[in-house]
Every structure is written in structure tokens, then in C-alpha cells.
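Below is input-v2.cif, which holds mmCIF, N, CA and C atoms.
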data_my_file
loop_
_atom_site.group_PDB
_atom_site.id
_atom_site.type_symbol
_atom_site.label_atom_id
_atom_site.label_comp_id
_atom_site.auth_asym_id
_atom_site.auth_seq_id
_atom_site.Cartn_x
_atom_site.Cartn_y
_atom_site.Cartn_z
ATOM 1 N N MET F 95 275.996 -81.701 12.762
ATOM 2 C CA MET F 95 275.089 -81.633 13.896
ATOM 3 C C MET F 95 275.532 -80.523 14.838
ATOM 4 N N THR F 96 274.542 -79.844 15.400
ATOM 5 C CA THR F 96 274.846 -78.820 16.394
ATOM 6 C C THR F 96 275.217 -79.496 17.716
ATOM 7 N N GLN F 97 275.738 -78.730 18.651
ATOM 8 C CA GLN F 97 276.089 -79.298 19.949
ATOM 9 C C GLN F 97 274.857 -79.877 20.644
ATOM 10 N N SER F 98 273.731 -79.198 20.563
ATOM 11 C CA SER F 98 272.510 -79.702 21.198
ATOM 12 C C SER F 98 272.055 -81.005 20.556
ATOM 13 N N GLU F 99 272.166 -81.099 19.228
ATOM 14 C CA GLU F 99 271.812 -82.347 18.544
ATOM 15 C C GLU F 99 272.749 -83.474 18.960
ATOM 16 N N LYS F 100 274.040 -83.169 19.109
ATOM 17 C CA LYS F 100 275.005 -84.179 19.569
ATOM 18 C C LYS F 100 274.654 -84.653 20.978
ATOM 19 N N THR F 101 274.298 -83.710 21.834
ATOM 20 C CA THR F 101 273.931 -84.060 23.212
ATOM 21 C C THR F 101 272.708 -84.973 23.228
ATOM 22 N N LEU F 102 271.677 -84.601 22.473
ATOM 23 C CA LEU F 102 270.459 -85.415 22.445
ATOM 24 C C LEU F 102 270.734 -86.779 21.823
ATOM 25 N N TRP F 103 271.520 -86.821 20.772
ATOM 26 C CA TRP F 103 271.846 -88.097 20.133
ATOM 27 C C TRP F 103 272.576 -89.015 21.104
ATOM 28 N N ALA F 104 273.487 -88.480 21.886
ATOM 29 C CA ALA F 104 274.194 -89.285 22.880
ATOM 30 C C ALA F 104 273.218 -89.895 23.881
ATOM 31 N N LEU F 105 272.172 -89.157 24.226
ATOM 32 C CA LEU F 105 271.168 -89.669 25.159
ATOM 33 C C LEU F 105 270.258 -90.705 24.500
ATOM 34 N N LEU F 106 269.827 -90.431 23.277
ATOM 35 C CA LEU F 106 268.889 -91.330 22.592
ATOM 36 C C LEU F 106 269.533 -92.636 22.157
ATOM 37 N N ARG F 107 270.767 -92.586 21.726
ATOM 38 C CA ARG F 107 271.390 -93.783 21.176
ATOM 39 C C ARG F 107 271.724 -94.820 22.238
ATOM 40 N N ARG F 108 271.713 -94.431 23.485
ATOM 41 C CA ARG F 108 271.950 -95.395 24.566
ATOM 42 C C ARG F 108 270.809 -96.389 24.713
ATOM 43 N N GLY F 109 269.664 -96.071 24.140
ATOM 44 C CA GLY F 109 268.527 -96.973 24.180
ATOM 45 C C GLY F 109 267.830 -97.052 25.522
ATOM 46 N N GLN F 110 268.098 -96.116 26.397
ATOM 47 C CA GLN F 110 267.510 -96.186 27.730
ATOM 48 C C GLN F 110 266.004 -95.967 27.735
ATOM 49 N N LEU F 111 265.453 -95.469 26.638
ATOM 50 C CA LEU F 111 264.011 -95.282 26.550
ATOM 51 C C LEU F 111 263.307 -96.508 25.990
ATOM 52 N N GLY F 112 264.059 -97.490 25.545
ATOM 53 C CA GLY F 112 263.459 -98.686 24.954
ATOM 54 C C GLY F 112 262.983 -98.470 23.530
ATOM 55 N N MET F 113 263.470 -97.404 22.895
ATOM 56 C CA MET F 113 263.096 -97.093 21.515
ATOM 57 C C MET F 113 264.366 -96.907 20.693
ATOM 58 N N ARG F 114 264.269 -97.260 19.419
ATOM 59 C CA ARG F 114 265.412 -97.095 18.522
ATOM 60 C C ARG F 114 265.183 -95.847 17.673
ATOM 61 N N PHE F 115 266.088 -94.900 17.783
ATOM 62 C CA PHE F 115 266.016 -93.666 17.012
ATOM 63 C C PHE F 115 267.060 -93.660 15.913
ATOM 64 N N ARG F 116 266.706 -93.023 14.815
ATOM 65 C CA ARG F 116 267.640 -92.760 13.724
ATOM 66 C C ARG F 116 267.866 -91.262 13.693
ATOM 67 N N ARG F 117 269.041 -90.845 13.306
ATOM 68 C CA ARG F 117 269.293 -89.400 13.198
ATOM 69 C C ARG F 117 269.340 -89.006 11.734
ATOM 70 N N GLU F 118 268.947 -87.765 11.481
ATOM 71 C CA GLU F 118 268.912 -87.217 10.133
ATOM 72 C C GLU F 118 268.203 -88.173 9.168
ATOM 73 N N HIS F 119 266.983 -88.516 9.532
ATOM 74 C CA HIS F 119 266.192 -89.500 8.789
ATOM 75 C C HIS F 119 265.281 -88.799 7.773
ATOM 76 N N PRO F 120 265.390 -89.168 6.487
ATOM 77 C CA PRO F 120 264.541 -88.537 5.473
ATOM 78 C C PRO F 120 263.132 -89.139 5.450
ATOM 79 N N ILE F 121 262.136 -88.260 5.404
ATOM 80 C CA ILE F 121 260.740 -88.660 5.221
ATOM 81 C C ILE F 121 260.105 -87.625 4.299
ATOM 82 N N GLY F 122 259.601 -88.092 3.173
ATOM 83 C CA GLY F 122 259.027 -87.176 2.200
ATOM 84 C C GLY F 122 260.037 -86.104 1.830
ATOM 85 N N PRO F 123 259.616 -84.841 1.822
ATOM 86 C CA PRO F 123 260.531 -83.763 1.444
ATOM 87 C C PRO F 123 261.393 -83.252 2.603
ATOM 88 N N PHE F 124 261.347 -83.917 3.750
ATOM 89 C CA PHE F 124 262.017 -83.423 4.951
ATOM 90 C C PHE F 124 263.092 -84.378 5.448
ATOM 91 N N ILE F 125 264.023 -83.821 6.212
ATOM 92 C CA ILE F 125 264.995 -84.627 6.944
ATOM 93 C C ILE F 125 264.759 -84.324 8.415
ATOM 94 N N LEU F 126 264.392 -85.366 9.155
ATOM 95 C CA LEU F 126 264.075 -85.202 10.577
ATOM 96 C C LEU F 126 265.354 -85.304 11.397
ATOM 97 N N ASP F 127 265.448 -84.510 12.446
ATOM 98 C CA ASP F 127 266.632 -84.581 13.310
ATOM 99 C C ASP F 127 266.765 -85.988 13.885
ATOM 100 N N PHE F 128 265.682 -86.483 14.496
ATOM 101 C CA PHE F 128 265.671 -87.828 15.084
ATOM 102 C C PHE F 128 264.307 -88.453 14.832
ATOM 103 N N TYR F 129 264.288 -89.766 14.557
ATOM 104 C CA TYR F 129 263.023 -90.425 14.237
ATOM 105 C C TYR F 129 263.009 -91.836 14.796
ATOM 106 N N CYS F 130 261.901 -92.184 15.454
ATOM 107 C CA CYS F 130 261.652 -93.539 15.941
ATOM 108 C C CYS F 130 260.508 -94.098 15.108
ATOM 109 N N ALA F 131 260.825 -95.039 14.221
ATOM 110 C CA ALA F 131 259.827 -95.584 13.297
ATOM 111 C C ALA F 131 258.737 -96.355 14.030
ATOM 112 N N SER F 132 259.099 -97.142 15.028
ATOM 113 C CA SER F 132 258.097 -97.965 15.715
ATOM 114 C C SER F 132 257.061 -97.117 16.442
ATOM 115 N N ALA F 133 257.448 -95.938 16.911
ATOM 116 C CA ALA F 133 256.530 -95.043 17.613
ATOM 117 C C ALA F 133 255.980 -93.956 16.692
ATOM 118 N N LYS F 134 256.477 -93.891 15.462
ATOM 119 C CA LYS F 134 256.118 -92.816 14.523
ATOM 120 C C LYS F 134 256.273 -91.456 15.211
ATOM 121 N N LEU F 135 257.463 -91.265 15.774
ATOM 122 C CA LEU F 135 257.760 -90.081 16.567
ATOM 123 C C LEU F 135 259.002 -89.387 16.026
ATOM 124 N N ALA F 136 258.869 -88.109 15.711
ATOM 125 C CA ALA F 136 259.997 -87.279 15.301
ATOM 126 C C ALA F 136 260.356 -86.346 16.446
ATOM 127 N N VAL F 137 261.649 -86.173 16.670
ATOM 128 C CA VAL F 137 262.123 -85.241 17.684
ATOM 129 C C VAL F 137 262.998 -84.218 16.969
ATOM 130 N N GLU F 138 262.616 -82.960 17.089
ATOM 131 C CA GLU F 138 263.310 -81.877 16.408
ATOM 132 C C GLU F 138 263.961 -80.957 17.426
ATOM 133 N N VAL F 139 265.178 -80.525 17.111
ATOM 134 C CA VAL F 139 265.906 -79.574 17.937
ATOM 135 C C VAL F 139 265.805 -78.213 17.275
ATOM 136 N N ASP F 140 265.208 -77.268 17.976
ATOM 137 C CA ASP F 140 265.009 -75.926 17.435
ATOM 138 C C ASP F 140 266.116 -74.996 17.912
ATOM 139 N N GLY F 141 266.885 -74.531 16.964
ATOM 140 C CA GLY F 141 267.922 -73.544 17.247
ATOM 141 C C GLY F 141 267.499 -72.202 16.724
ATOM 142 N N LEU F 142 268.455 -71.328 16.507
ATOM 143 C CA LEU F 142 268.157 -69.972 16.060
ATOM 144 C C LEU F 142 267.618 -69.918 14.639
ATOM 145 N N GLY F 143 267.950 -70.894 13.805
ATOM 146 C CA GLY F 143 267.555 -70.853 12.408
ATOM 147 C C GLY F 143 266.162 -71.362 12.107
ATOM 148 N N HIS F 144 265.417 -71.765 13.101
ATOM 149 C CA HIS F 144 264.090 -72.318 12.841
ATOM 150 C C HIS F 144 263.069 -71.204 12.671
ATOM 151 N N GLU F 145 262.249 -71.364 11.632
ATOM 152 C CA GLU F 145 261.220 -70.379 11.317
ATOM 153 C C GLU F 145 259.864 -70.947 11.706
ATOM 154 N N GLY F 146 259.099 -70.200 12.464
ATOM 155 C CA GLY F 146 257.825 -70.676 12.979
ATOM 156 C C GLY F 146 256.858 -71.178 11.924
ATOM 157 N N GLN F 147 256.602 -70.409 10.879
ATOM 158 C CA GLN F 147 255.619 -70.800 9.864
ATOM 159 C C GLN F 147 256.091 -72.022 9.078
ATOM 160 N N ARG F 148 257.353 -72.047 8.732
ATOM 161 C CA ARG F 148 257.897 -73.201 7.996
ATOM 162 C C ARG F 148 257.817 -74.472 8.853
ATOM 163 N N ASP F 149 258.177 -74.347 10.127
ATOM 164 C CA ASP F 149 258.100 -75.490 11.031
ATOM 165 C C ASP F 149 256.661 -75.950 11.205
ATOM 166 N N ALA F 150 255.722 -75.019 11.241
ATOM 167 C CA ALA F 150 254.307 -75.375 11.388
ATOM 168 C C ALA F 150 253.818 -76.174 10.181
ATOM 169 N N ARG F 151 254.196 -75.750 8.985
ATOM 170 C CA ARG F 151 253.811 -76.499 7.775
ATOM 171 C C ARG F 151 254.423 -77.892 7.777
ATOM 172 N N ARG F 152 255.656 -77.975 8.193
ATOM 173 C CA ARG F 152 256.357 -79.258 8.264
ATOM 174 C C ARG F 152 255.664 -80.191 9.254
ATOM 175 N N THR F 153 255.335 -79.671 10.432
ATOM 176 C CA THR F 153 254.650 -80.460 11.451
ATOM 177 C C THR F 153 253.281 -80.915 10.953
ATOM 178 N N GLU F 154 252.578 -80.031 10.267
ATOM 179 C CA GLU F 154 251.265 -80.378 9.716
ATOM 180 C C GLU F 154 251.389 -81.499 8.680
ATOM 181 N N TRP F 155 252.374 -81.417 7.809
ATOM 182 C CA TRP F 155 252.579 -82.450 6.794
ATOM 183 C C TRP F 155 252.894 -83.797 7.462
ATOM 184 N N LEU F 156 253.776 -83.774 8.446
ATOM 185 C CA LEU F 156 254.148 -85.009 9.146
ATOM 186 C C LEU F 156 252.951 -85.599 9.887
ATOM 187 N N ALA F 157 252.124 -84.757 10.493
ATOM 188 C CA ALA F 157 250.917 -85.234 11.177
ATOM 189 C C ALA F 157 249.999 -85.945 10.193
ATOM 190 N N GLY F 158 249.915 -85.431 8.982
ATOM 191 C CA GLY F 158 249.123 -86.075 7.941
ATOM 192 C C GLY F 158 249.636 -87.460 7.585
ATOM 193 N N GLU F 159 250.907 -87.695 7.844
ATOM 194 C CA GLU F 159 251.523 -89.006 7.611
ATOM 195 C C GLU F 159 251.459 -89.883 8.869
ATOM 196 N N GLY F 160 250.809 -89.373 9.916
ATOM 197 C CA GLY F 160 250.680 -90.131 11.163
ATOM 198 C C GLY F 160 251.896 -90.048 12.060
ATOM 199 N N ILE F 161 252.732 -89.036 11.859
ATOM 200 C CA ILE F 161 253.961 -88.877 12.643
ATOM 201 C C ILE F 161 253.776 -87.739 13.635
ATOM 202 N N ARG F 162 254.021 -88.036 14.894
ATOM 203 C CA ARG F 162 253.956 -87.016 15.939
ATOM 204 C C ARG F 162 255.316 -86.331 16.032
ATOM 205 N N VAL F 163 255.300 -85.024 16.217
ATOM 206 C CA VAL F 163 256.533 -84.245 16.279
ATOM 207 C C VAL F 163 256.665 -83.593 17.646
ATOM 208 N N LEU F 164 257.801 -83.817 18.280
ATOM 209 C CA LEU F 164 258.147 -83.113 19.515
ATOM 210 C C LEU F 164 259.267 -82.143 19.180
ATOM 211 N N ARG F 165 259.153 -80.923 19.666
ATOM 212 C CA ARG F 165 260.182 -79.916 19.419
ATOM 213 C C ARG F 165 260.761 -79.448 20.752
ATOM 214 N N PHE F 166 262.072 -79.339 20.770
ATOM 215 C CA PHE F 166 262.761 -78.851 21.963
ATOM 216 C C PHE F 166 263.739 -77.761 21.552
ATOM 217 N N ALA F 167 263.784 -76.718 22.335
ATOM 218 C CA ALA F 167 264.779 -75.675 22.116
ATOM 219 C C ALA F 167 266.151 -76.228 22.465
ATOM 220 N N ALA F 168 267.156 -75.757 21.751
ATOM 221 C CA ALA F 168 268.522 -76.213 22.011
ATOM 222 C C ALA F 168 268.898 -76.001 23.471
ATOM 223 N N ALA F 169 268.492 -74.891 24.031
ATOM 224 C CA ALA F 169 268.817 -74.593 25.433
ATOM 225 C C ALA F 169 268.192 -75.609 26.382
ATOM 226 N N GLU F 170 266.981 -76.062 26.074
ATOM 227 C CA GLU F 170 266.326 -77.072 26.925
ATOM 228 C C GLU F 170 267.155 -78.345 26.999
ATOM 229 N N ILE F 171 267.675 -78.757 25.862
ATOM 230 C CA ILE F 171 268.443 -80.004 25.798
ATOM 231 C C ILE F 171 269.712 -79.885 26.627
ATOM 232 N N GLU F 172 270.361 -78.743 26.534
ATOM 233 C CA GLU F 172 271.609 -78.544 27.273
ATOM 234 C C GLU F 172 271.370 -78.334 28.775
ATOM 235 N N GLU F 173 270.294 -77.645 29.118
ATOM 236 C CA GLU F 173 270.066 -77.281 30.518
ATOM 237 C C GLU F 173 269.230 -78.299 31.291
ATOM 238 N N ARG F 174 268.324 -79.013 30.593
ATOM 239 C CA ARG F 174 267.423 -79.951 31.275
ATOM 240 C C ARG F 174 267.275 -81.256 30.482
ATOM 241 N N PRO F 175 268.364 -81.977 30.262
ATOM 242 C CA PRO F 175 268.277 -83.193 29.442
ATOM 243 C C PRO F 175 267.347 -84.256 30.028
ATOM 244 N N ALA F 176 267.277 -84.370 31.335
ATOM 245 C CA ALA F 176 266.395 -85.372 31.944
ATOM 246 C C ALA F 176 264.929 -85.053 31.647
ATOM 247 N N MET F 177 264.568 -83.784 31.664
ATOM 248 C CA MET F 177 263.201 -83.375 31.351
ATOM 249 C C MET F 177 262.871 -83.694 29.890
ATOM 250 N N VAL F 178 263.825 -83.458 29.000
ATOM 251 C CA VAL F 178 263.623 -83.749 27.581
ATOM 252 C C VAL F 178 263.402 -85.251 27.376
ATOM 253 N N LEU F 179 264.239 -86.072 27.982
ATOM 254 C CA LEU F 179 264.064 -87.528 27.861
ATOM 255 C C LEU F 179 262.731 -87.982 28.441
ATOM 256 N N ALA F 180 262.317 -87.409 29.553
ATOM 257 C CA ALA F 180 261.038 -87.775 30.159
ATOM 258 C C ALA F 180 259.883 -87.424 29.224
ATOM 259 N N ALA F 181 259.956 -86.277 28.563
ATOM 260 C CA ALA F 181 258.898 -85.871 27.627
ATOM 261 C C ALA F 181 258.843 -86.813 26.429
ATOM 262 N N ILE F 182 259.997 -87.231 25.944
ATOM 263 C CA ILE F 182 260.037 -88.180 24.823
ATOM 264 C C ILE F 182 259.463 -89.525 25.252
ATOM 265 N N ALA F 183 259.839 -89.991 26.412
ATOM 266 C CA ALA F 183 259.327 -91.264 26.925
ATOM 267 C C ALA F 183 257.817 -91.218 27.109
ATOM 268 N N GLN F 184 257.305 -90.109 27.579
ATOM 269 C CA GLN F 184 255.863 -89.966 27.785
ATOM 270 C C GLN F 184 255.121 -89.945 26.458
ATOM 271 N N ALA F 185 255.725 -89.373 25.441
ATOM 272 C CA ALA F 185 255.077 -89.277 24.119
ATOM 273 C C ALA F 185 254.952 -90.628 23.452
ATOM 274 N N ALA F 186 255.879 -91.510 23.722
ATOM 275 C CA ALA F 186 255.862 -92.836 23.078
ATOM 276 C C ALA F 186 256.479 -93.854 24.024
ATOM 277 N N PRO F 187 255.715 -94.319 25.009
ATOM 278 C CA PRO F 187 256.260 -95.295 25.939
ATOM 279 C C PRO F 187 256.678 -96.574 25.228
ATOM 280 N N PRO F 188 257.716 -97.236 25.713
ATOM 281 C CA PRO F 188 258.174 -98.460 25.071
ATOM 282 C C PRO F 188 257.109 -99.546 25.106
ATOM 283 N N SER F 189 257.130 -100.382 24.120
ATOM 284 C CA SER F 189 256.179 -101.485 24.015
ATOM 285 C C SER F 189 256.463 -102.529 25.092
ATOM 286 N N THR F 190 255.423 -103.104 25.646
ATOM 287 C CA THR F 190 255.589 -104.176 26.617
ATOM 288 C C THR F 190 255.334 -105.534 25.998
ATOM 289 N N ALA F 191 255.134 -105.555 24.702
ATOM 290 C CA ALA F 191 254.848 -106.817 23.995
ATOM 291 C C ALA F 191 256.092 -107.630 23.794
#
Take the structure I supplied and represent it as C-alpha cells, if you would.
Amino acid sequence: MTQSEKTLWALLRRGQLGMRFRREHPIGPFILDFYCASAKLAVEVDGLGHEGQRDARRTEWLAGEGIRVLRFAAAEIEERPAMVLAAIAQAAPPSTA
């Protein structure tokens, strides 16, 4: 895991969003950085090695499976972790049931 992935994992695993995330979760031909099954939400950390067209195809395939993908630049996670968590919470608010 990159430093940004470690930082995000430390935030997600605390459960403060009311969602359970798995890291490096396989779905179809892909391995997602972080995945919340109950919300069908993938969270991807984009570093220098991410290719726009490849990521677009991946996101399209996941959308076809009913999975929403949020992408954050590594710098965003390190510089504005509260904003990243707020965006994740907004994308899939915890269940009140």
C-alpha cells in the first residue's frame, strides 16, 4: 500500500462513517483499493501510475455491476482527509435501519 492508501485505510477502518470497508477487494477482473459491500461503493486512490483511459474503462465496468466509484488523488488524502471522508459519507450515508 502507498502512504496515501495507508492514511485512508486508517481513517476508514475506524468505522466512524458507519460503513465497513475492505481493502484490496477483488471484484471481477479488478482489485479495488477499498470497497463497502453494503453501499456498493468503491474508493480508489489515484497516484502517479493511474492511466485515465484504463481507469475510465474500469469505472464503466464497475458501474455496470451497480458499483459506484469515488476517486481521490493521493495528495487530496494527505492534505484534506476530512474533505475526503465527508465526500465518502455523502456518497453512501450510513443506514438508519
When distances are computed from all atoms listed in the file, which of F:Glu99, F:Ala168, F:Ala104, F:Tyr129 shows the smallest separation from Arg116 (chain F)?
->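 For Arg116 (chain F), the nearest of the candidates is F:Tyr129.
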For region 130-138 of chain F, please output as a PyMOL selection string all residues within 10 Å (counting only C-alpha atoms; exclusion window: fewer than 6 positions along the same chain).
-> chain F and resi 99+102+113-119+149+153+156-157+159-168+182+185-189
Could you work out how far CA of Gln97 (chain F) lies from atom N of Met177 (chain F), giving the answer in Å with one decimal?
-> 17.0 Å
Picked from chain F by DSSP as helix (DSSP H, G or I), as a PyMOL selection string = chain F and resi 97-106+146-158+168-173+175-185
What is the atom N of Ala183 (chain F) to CA of Leu111 (chain F) distance in Å?
-> 6.7 Å
Could you pull out the residues in region 95-189 of chain F that DSSP calls strand (DSSP E or B) from the backbone, as a list in words?
->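 Assigned to strand (DSSP E or B), within region 95-189 of chain F: Arg116, Arg117, Glu118, His119, Pro120, Ile121, Phe124, Ile125, Leu126, Asp127, Phe128, Tyr129, Cys130, Leu135, Ala136, Val137, Glu138, Val139, Asp140, Arg162, Val163, Leu164, Arg165, Phe166 and Ala167 of chain F.
The space between CA of Thr101 (chain F) and atom C of Ile171 (chain F) spans 6.8 Å.
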Nearest to Leu106 (chain F), restricted to only C-alpha atoms and choosing among F:Pro123, F:Ala150, F:Arg174, F:Phe128, comes out as F:Phe128
